[in-house]
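Let me begin by presenting the structure, written as structure tokens, before commenting on it.
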Amino acid sequence: MREAVGREQLTGVARAAFGAGRGLAGVSRLRGGSRKGVYRLAFDDGSSAIAYIWDDAENYWPGASADGAGSLADPLAHASGVELFESAHRRLAAVGVRTPRVHLVDRSGSHYPADVAVVEDVPGEHLEALLERDPPAAEATLARLAEALDVLRGQTGPGFGKLAHVDRGGVSRGGSCERLVLDRALADLAEAAARDARVATARGRLEEQLHVRAEAVRPRARYGLVHGELGPDHVLVDQAGEPVLIDIEGLMYFDVEWEHAFLRIRFGDHYHRLPSAGLDERRLALYALAMRLSLVAGPLRLLDGDFPHREAMAAIAEYNLREALAALPAATG
């Protein structure tokens, strides 16, 4: 079991963010973070803030670095690190898409021996919880989220890839979005097949279906901004009902169909309230299967390490495996 960061380690960070007038009363690690540490800072005046820590000790992905070093040119590599966070936050703020306000970003190591940011602790709940508790109450938030997605879709880039990389003139690996997704899906398939006998049995049929769907996709060179992992657990709802995007490091220029493949999976019956007009159904077909395989291979890989919430991660892999197999055409002969 990894040791969580405590009040003593973050007192200097809190003082740098807010000055000496607010005493740090307590620190608690929030559930869910797998690539960075997410901690709530509670102050003696009753206020609070959230600290993000990018440190290998906080990263549960086997073999991955918390700072995302070496992965900027790969749009689908782990999106982690303060550089990606700052770039994404600046762009979202510039286009009017709500994300927690930043109080401090520190790369100096003088307050904590890793990159750290302190942001607003948004009062409210995750959209996922609101949808489960009171779907009608979430309708206004979903409408505003749809507007935000339209705004992001309209932000086009000169190429595909992570925002920080493309905006400084970088060229991403992969040749095209569809080629990159296909190659990653084939790698995910091979990895999952090595861990699960059912995948190994169906590997040939799944591989064939990936190629069939990829061959149906026509070339295109228009890329909008996508969050990359926008489930309802990555949207907070503030007191005004406004959606607040979190875990924003994966912001990138890419096919918007990649975003919508994930939205369809994660929002389920509520997806119809999000904008989907003009999407390329052939790309969606490829990306939907690729996304399912990613959501099998990724959780199984995470379980190779010491990620603490193992039952939930295993359930994600199991559900998406069943869905991937159900998407296959019926066997003949």
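We name chains A, B, ... following the order of the structure tokens; residues begin at 1 in each chain, and ligands are numbered from 1 as shown.
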
With only C-alpha atoms as the counted atoms, please give the residues lying no more than 7 Å from Glu242 in chain A, apart from itself and same-chain residues fewer than 5 positions off, as number ranges by chain. A: 141, 144, 237

Val212 in chain A: which residues within 12 Å, counting only C-alpha atoms, same-chain residues fewer than 6 positions away excluded, as a PDB file with all heavy atoms, in the first residue's frame?
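Here's the written file selection_26.pdb:
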ATOM      1  N   LEU A 182      -6.220   2.535 -35.235  1.00  0.00           N
ATOM      2  CA  LEU A 182      -6.149   1.131 -35.638  1.00  0.00           C
ATOM      3  C   LEU A 182      -4.919   0.459 -35.039  1.00  0.00           C
ATOM      4  O   LEU A 182      -5.021  -0.642 -34.470  1.00  0.00           O
ATOM      5  CB  LEU A 182      -6.116   1.015 -37.162  1.00  0.00           C
ATOM      6  CG  LEU A 182      -5.897  -0.409 -37.704  1.00  0.00           C
ATOM      7  CD1 LEU A 182      -7.029  -1.340 -37.293  1.00  0.00           C
ATOM      8  CD2 LEU A 182      -5.751  -0.375 -39.228  1.00  0.00           C
ATOM      9  N   ARG A 205     -11.080 -12.837 -35.107  1.00  0.00           N
ATOM     10  CA  ARG A 205     -12.316 -12.176 -35.552  1.00  0.00           C
ATOM     11  C   ARG A 205     -12.300 -10.695 -35.189  1.00  0.00           C
ATOM     12  O   ARG A 205     -12.747  -9.849 -35.981  1.00  0.00           O
ATOM     13  CB  ARG A 205     -13.519 -12.865 -34.945  1.00  0.00           C
ATOM     14  CG  ARG A 205     -13.727 -14.304 -35.429  1.00  0.00           C
ATOM     15  CD  ARG A 205     -14.795 -15.003 -34.623  1.00  0.00           C
ATOM     16  NE  ARG A 205     -16.086 -14.340 -34.777  1.00  0.00           N
ATOM     17  CZ  ARG A 205     -17.038 -14.342 -33.855  1.00  0.00           C
ATOM     18  NH1 ARG A 205     -16.834 -14.951 -32.684  1.00  0.00           N
ATOM     19  NH2 ARG A 205     -18.195 -13.745 -34.081  1.00  0.00           N
ATOM     20  N   LEU A 206     -11.789 -10.373 -34.014  1.00  0.00           N
ATOM     21  CA  LEU A 206     -11.708  -8.967 -33.622  1.00  0.00           C
ATOM     22  C   LEU A 206     -10.728  -8.207 -34.518  1.00  0.00           C
ATOM     23  O   LEU A 206     -11.002  -7.077 -34.944  1.00  0.00           O
ATOM     24  CB  LEU A 206     -11.283  -8.855 -32.158  1.00  0.00           C
ATOM     25  CG  LEU A 206     -12.362  -9.214 -31.128  1.00  0.00           C
ATOM     26  CD1 LEU A 206     -11.743  -9.457 -29.755  1.00  0.00           C
ATOM     27  CD2 LEU A 206     -13.422  -8.113 -31.047  1.00  0.00           C
ATOM     28  N   ARG A 282     -18.765   5.920 -40.106  1.00  0.00           N
ATOM     29  CA  ARG A 282     -17.736   4.904 -40.349  1.00  0.00           C
ATOM     30  C   ARG A 282     -16.575   5.064 -39.372  1.00  0.00           C
ATOM     31  O   ARG A 282     -16.046   4.067 -38.860  1.00  0.00           O
ATOM     32  CB  ARG A 282     -17.241   5.000 -41.791  1.00  0.00           C
ATOM     33  CG  ARG A 282     -18.301   4.595 -42.822  1.00  0.00           C
ATOM     34  CD  ARG A 282     -17.808   4.763 -44.228  1.00  0.00           C
ATOM     35  NE  ARG A 282     -18.802   4.275 -45.198  1.00  0.00           N
ATOM     36  CZ  ARG A 282     -18.658   4.330 -46.509  1.00  0.00           C
ATOM     37  NH1 ARG A 282     -17.554   4.866 -47.025  1.00  0.00           N
ATOM     38  NH2 ARG A 282     -19.599   3.863 -47.305  1.00  0.00           N
ATOM     39  N   ARG A 283     -16.195   6.299 -39.122  1.00  0.00           N
ATOM     40  CA  ARG A 283     -15.172   6.532 -38.093  1.00  0.00           C
ATOM     41  C   ARG A 283     -15.688   6.093 -36.726  1.00  0.00           C
ATOM     42  O   ARG A 283     -14.949   5.493 -35.941  1.00  0.00           O
ATOM     43  CB  ARG A 283     -14.771   8.006 -38.056  1.00  0.00           C
ATOM     44  CG  ARG A 283     -13.902   8.431 -39.203  1.00  0.00           C
ATOM     45  CD  ARG A 283     -13.574   9.922 -39.170  1.00  0.00           C
ATOM     46  NE  ARG A 283     -12.968  10.277 -40.434  1.00  0.00           N
ATOM     47  CZ  ARG A 283     -11.657  10.199 -40.691  1.00  0.00           C
ATOM     48  NH1 ARG A 283     -10.834   9.813 -39.731  1.00  0.00           N
ATOM     49  NH2 ARG A 283     -11.182  10.507 -41.868  1.00  0.00           N
ATOM     50  N   ALA A 285     -17.753   3.778 -36.039  1.00  0.00           N
ATOM     51  CA  ALA A 285     -17.763   2.316 -35.949  1.00  0.00           C
ATOM     52  C   ALA A 285     -16.372   1.782 -35.598  1.00  0.00           C
ATOM     53  O   ALA A 285     -16.224   0.894 -34.749  1.00  0.00           O
ATOM     54  CB  ALA A 285     -18.260   1.711 -37.256  1.00  0.00           C
ATOM     55  N   LEU A 286     -15.358   2.312 -36.265  1.00  0.00           N
ATOM     56  CA  LEU A 286     -13.984   1.898 -35.951  1.00  0.00           C
ATOM     57  C   LEU A 286     -13.605   2.305 -34.533  1.00  0.00           C
ATOM     58  O   LEU A 286     -13.091   1.498 -33.752  1.00  0.00           O
ATOM     59  CB  LEU A 286     -13.008   2.523 -36.950  1.00  0.00           C
ATOM     60  CG  LEU A 286     -11.515   2.390 -36.603  1.00  0.00           C
ATOM     61  CD1 LEU A 286     -11.094   0.914 -36.572  1.00  0.00           C
ATOM     62  CD2 LEU A 286     -10.664   3.186 -37.587  1.00  0.00           C
ATOM     63  N   LEU A 289     -15.229   0.264 -31.518  1.00  0.00           N
ATOM     64  CA  LEU A 289     -14.605  -1.017 -31.223  1.00  0.00           C
ATOM     65  C   LEU A 289     -13.223  -0.813 -30.624  1.00  0.00           C
ATOM     66  O   LEU A 289     -12.838  -1.513 -29.665  1.00  0.00           O
ATOM     67  CB  LEU A 289     -14.522  -1.870 -32.488  1.00  0.00           C
ATOM     68  CG  LEU A 289     -13.922  -3.269 -32.318  1.00  0.00           C
ATOM     69  CD1 LEU A 289     -14.655  -4.053 -31.233  1.00  0.00           C
ATOM     70  CD2 LEU A 289     -13.929  -4.024 -33.648  1.00  0.00           C
ATOM     71  N   LEU A 328     -19.212  -8.254 -32.615  1.00  0.00           N
ATOM     72  CA  LEU A 328     -18.727  -9.056 -33.728  1.00  0.00           C
ATOM     73  C   LEU A 328     -19.884  -9.636 -34.533  1.00  0.00           C
ATOM     74  O   LEU A 328     -20.903 -10.014 -33.965  1.00  0.00           O
ATOM     75  CB  LEU A 328     -17.846 -10.201 -33.208  1.00  0.00           C
ATOM     76  CG  LEU A 328     -16.494  -9.807 -32.625  1.00  0.00           C
ATOM     77  CD1 LEU A 328     -15.834 -11.023 -32.000  1.00  0.00           C
ATOM     78  CD2 LEU A 328     -15.607  -9.209 -33.709  1.00  0.00           C
ATOM     79  N   PRO A 329     -19.726  -9.714 -35.835  1.00  0.00           N
ATOM     80  CA  PRO A 329     -20.752 -10.408 -36.639  1.00  0.00           C
ATOM     81  C   PRO A 329     -20.859 -11.855 -36.211  1.00  0.00           C
ATOM     82  O   PRO A 329     -19.890 -12.465 -35.743  1.00  0.00           O
ATOM     83  CB  PRO A 329     -20.216 -10.289 -38.074  1.00  0.00           C
ATOM     84  CG  PRO A 329     -19.212  -9.185 -38.039  1.00  0.00           C
ATOM     85  CD  PRO A 329     -18.627  -9.192 -36.660  1.00  0.00           C
TER      86      PRO A 329
END

Measuring atom to atom with only C-alpha atoms, identify which of A:Pro243, A:Gly175, A:Gly21, A:Pro299 is nearest to Ala148 in chain A.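 Of all the options, A:Pro243 lies closest to Ala148 in chain A.
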
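In this comparison, which uses only C-alpha atoms, the residue of A:Leu163, A:Gly228, A:Arg220, A:Ala327 approaching Arg91 in chain A most closely is A:Leu163.
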
Pull the helix (DSSP H, G or I) assignments for range 166-312 of chain A out of DSSP run on the backbone, and list those residues as a PyMOL selection string. chain A and resi 166-167+177-193+197-215+232-234+248-250+256-273+281-302+310-312

With the cut-off set at 12 Å and counting only C-alpha atoms, tabulate each residue of range 47-148 of chain A with an atom at most that distance from an atom of range 24-31 of chain A, showing the nearest atom pair and its distance in Å to one decimal, ordered by chain and increasing number, as a tab-separated table.
residue	atom	partner	partner_atom	distance
A:Ser47	CA	A:Leu24	CA	9.7
A:Ser48	CA	A:Leu24	CA	9.0
A:Ala49	CA	A:Val27	CA	9.9
A:Ile50	CA	A:Leu30	CA	9.3
A:Ala51	CA	A:Arg29	CA	9.3
A:Tyr52	CA	A:Arg29	CA	10.1
A:Ile53	CA	A:Arg29	CA	10.7
A:Glu58	CA	A:Arg29	CA	10.5
A:Asp121	CA	A:Leu30	CA	11.8

Show me, as a PyMOL selection string, the residues that have an atom within 12 Å of range 103-116 of chain A when counting only C-alpha atoms, minus same-chain residues fewer than 6 positions from it. chain A and resi 5-19+36-39+48-58+66-68+80-87+89

Restricting the calculation to only C-alpha atoms, which member of A:Arg195, A:Glu257, A:Glu207, A:Arg98 is positioned closest to Asp304 in chain A?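 Smallest distance to Asp304 in chain A is found for A:Arg195.
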
Excluding Ile265 in chain A and its own-chain neighbours fewer than 5 positions away, which residues fall within 9 Å of it when counting only C-alpha atoms? Please give them as a PyMOL selection string. chain A and resi 231+260+271+288+291-292

If I take CA of Asp255 in chain A and CA of Ala315 in chain A, how far is one from the other in Å, to one decimal?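 Taking CA of Asp255 in chain A and CA of Ala315 in chain A, their separation equals 28.0 Å.
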
I'd like the neighbourhood of Pro275 in chain A as a list of chain:residue names, where a residue qualifies if any of its atoms comes within 10 Å (using only C-alpha atoms), though same-chain residues fewer than 4 positions away should be ignored.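 Neighbouring residues, sequence-local ones excluded: A:Ala143, A:Leu145, A:Ala146, A:Glu147, A:Ala148, A:Leu149, A:Asp150, A:His260, A:Tyr271, A:Leu279.
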
Contacts of range 125-137 of chain A within 10 Å, only C-alpha atoms, excl. fewer than 5 positions in-chain, as a short mmCIF file (atom, residue, chain, number, x, y, z; two decimals) with all heavy atoms, in the first residue's frame:
data_model
loop_
_atom_site.label_atom_id
_atom_site.label_comp_id
_atom_site.auth_asym_id
_atom_site.auth_seq_id
_atom_site.Cartn_x
_atom_site.Cartn_y
_atom_site.Cartn_z
N LEU A 142 -26.47 19.11 -18.68
CA LEU A 142 -26.18 18.41 -19.93
C LEU A 142 -26.29 19.34 -21.13
O LEU A 142 -25.49 19.27 -22.07
CB LEU A 142 -27.14 17.23 -20.11
CG LEU A 142 -26.85 15.99 -19.26
CD1 LEU A 142 -28.01 15.01 -19.35
CD2 LEU A 142 -25.56 15.32 -19.70
N GLY A 231 -15.96 11.33 -19.47
CA GLY A 231 -17.09 10.66 -18.86
C GLY A 231 -17.76 11.58 -17.85
O GLY A 231 -17.22 12.62 -17.49
N PRO A 232 -18.94 11.22 -17.36
CA PRO A 232 -19.62 12.07 -16.38
C PRO A 232 -18.88 12.16 -15.05
O PRO A 232 -19.16 13.04 -14.24
CB PRO A 232 -20.99 11.39 -16.22
CG PRO A 232 -20.79 9.99 -16.67
CD PRO A 232 -19.74 10.04 -17.73
N ASP A 233 -17.90 11.26 -14.83
CA ASP A 233 -17.07 11.36 -13.63
C ASP A 233 -15.97 12.40 -13.79
O ASP A 233 -15.28 12.72 -12.82
CB ASP A 233 -16.47 10.00 -13.29
CG ASP A 233 -15.64 9.41 -14.43
OD1 ASP A 233 -15.96 9.70 -15.62
OD2 ASP A 233 -14.71 8.64 -14.17
N HIS A 234 -15.80 12.92 -14.99
CA HIS A 234 -14.81 13.96 -15.24
C HIS A 234 -15.48 15.32 -15.48
O HIS A 234 -14.89 16.21 -16.09
CB HIS A 234 -13.93 13.59 -16.44
CG HIS A 234 -12.96 12.49 -16.11
ND1 HIS A 234 -12.29 11.78 -17.07
CD2 HIS A 234 -12.55 11.98 -14.91
CE1 HIS A 234 -11.51 10.87 -16.48
NE2 HIS A 234 -11.67 10.99 -15.18
N VAL A 235 -16.73 15.41 -15.02
CA VAL A 235 -17.47 16.68 -15.08
C VAL A 235 -18.03 16.95 -13.68
O VAL A 235 -18.81 16.14 -13.16
CB VAL A 235 -18.63 16.62 -16.10
CG1 VAL A 235 -19.36 17.96 -16.14
CG2 VAL A 235 -18.11 16.25 -17.48
N LEU A 236 -17.64 18.06 -13.09
CA LEU A 236 -18.24 18.50 -11.84
C LEU A 236 -19.40 19.43 -12.17
O LEU A 236 -19.46 20.03 -13.25
CB LEU A 236 -17.21 19.23 -10.98
CG LEU A 236 -16.01 18.41 -10.51
CD1 LEU A 236 -14.98 19.31 -9.83
CD2 LEU A 236 -16.44 17.30 -9.58
N VAL A 237 -20.32 19.56 -11.23
CA VAL A 237 -21.46 20.46 -11.39
C VAL A 237 -21.38 21.51 -10.28
O VAL A 237 -21.46 21.18 -9.09
CB VAL A 237 -22.80 19.70 -11.29
CG1 VAL A 237 -23.97 20.66 -11.53
CG2 VAL A 237 -22.84 18.55 -12.29
N ASP A 238 -21.15 22.77 -10.66
CA ASP A 238 -21.02 23.80 -9.64
C ASP A 238 -22.40 24.24 -9.14
O ASP A 238 -23.44 23.73 -9.58
CB ASP A 238 -20.17 24.97 -10.13
CG ASP A 238 -20.83 25.82 -11.21
OD1 ASP A 238 -22.05 25.67 -11.44
OD2 ASP A 238 -20.14 26.66 -11.80
N GLN A 239 -22.42 25.19 -8.23
CA GLN A 239 -23.67 25.57 -7.59
C GLN A 239 -24.64 26.25 -8.55
O GLN A 239 -25.83 26.35 -8.27
CB GLN A 239 -23.36 26.47 -6.39
CG GLN A 239 -22.67 25.71 -5.26
CD GLN A 239 -22.34 26.58 -4.08
OE1 GLN A 239 -21.91 27.73 -4.23
NE2 GLN A 239 -22.53 26.05 -2.88
N GLY A 241 -25.08 25.05 -11.55
CA GLY A 241 -25.43 24.02 -12.52
C GLY A 241 -24.51 23.97 -13.72
O GLY A 241 -24.77 23.25 -14.69
N PRO A 243 -21.37 22.89 -15.94
CA PRO A 243 -20.42 21.78 -15.99
C PRO A 243 -18.99 22.29 -15.89
O PRO A 243 -18.62 23.29 -16.53
CB PRO A 243 -20.69 21.15 -17.36
CG PRO A 243 -21.22 22.27 -18.20
CD PRO A 243 -21.99 23.16 -17.26
N VAL A 244 -18.19 21.60 -15.10
CA VAL A 244 -16.80 21.99 -14.86
C VAL A 244 -15.92 20.80 -15.23
O VAL A 244 -15.96 19.76 -14.57
CB VAL A 244 -16.58 22.39 -13.39
CG1 VAL A 244 -15.15 22.87 -13.18
CG2 VAL A 244 -17.59 23.44 -12.95
N LEU A 245 -15.12 20.94 -16.29
CA LEU A 245 -14.31 19.83 -16.78
C LEU A 245 -13.07 19.65 -15.91
O LEU A 245 -12.39 20.63 -15.58
CB LEU A 245 -13.89 20.06 -18.23
CG LEU A 245 -14.87 19.62 -19.33
CD1 LEU A 245 -16.25 20.25 -19.14
CD2 LEU A 245 -14.31 19.94 -20.70
N ARG A 266 -19.91 6.12 -22.00
CA ARG A 266 -19.96 6.59 -20.62
C ARG A 266 -21.28 7.27 -20.26
O ARG A 266 -21.69 7.24 -19.11
CB ARG A 266 -18.78 7.53 -20.35
CG ARG A 266 -17.44 6.83 -20.35
CD ARG A 266 -17.30 5.85 -19.19
NE ARG A 266 -17.16 6.57 -17.92
CZ ARG A 266 -18.05 6.58 -16.95
NH1 ARG A 266 -19.17 5.90 -17.06
NH2 ARG A 266 -17.84 7.26 -15.84
N PHE A 267 -21.92 7.92 -21.23
CA PHE A 267 -23.19 8.60 -20.91
C PHE A 267 -24.41 7.72 -21.16
O PHE A 267 -25.50 8.02 -20.67
CB PHE A 267 -23.30 9.91 -21.68
CG PHE A 267 -22.53 11.04 -21.04
CD1 PHE A 267 -21.18 11.21 -21.31
CD2 PHE A 267 -23.15 11.91 -20.16
CE1 PHE A 267 -20.46 12.23 -20.71
CE2 PHE A 267 -22.44 12.94 -19.55
CZ PHE A 267 -21.09 13.10 -19.83
N HIS A 270 -28.14 8.81 -21.61
CA HIS A 270 -28.15 10.27 -21.61
C HIS A 270 -27.38 10.87 -22.79
O HIS A 270 -27.37 12.09 -22.96
CB HIS A 270 -27.54 10.79 -20.30
CG HIS A 270 -28.22 10.27 -19.06
ND1 HIS A 270 -29.47 10.68 -18.67
CD2 HIS A 270 -27.82 9.35 -18.15
CE1 HIS A 270 -29.82 10.05 -17.57
NE2 HIS A 270 -28.85 9.23 -17.23
#

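For the atom pair formed by CA of Val166 in chain A and CA of Asp74 in chain A, the distance is 11.0 Å, given to one decimal.
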
Rank nothing, just name the residue among A:Ser176, A:Gln155, A:Ser71, A:Ser276 nearest to Val97 in chain A, using only C-alpha atoms.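 Selected residue with least distance to Val97 in chain A: A:Gln155.
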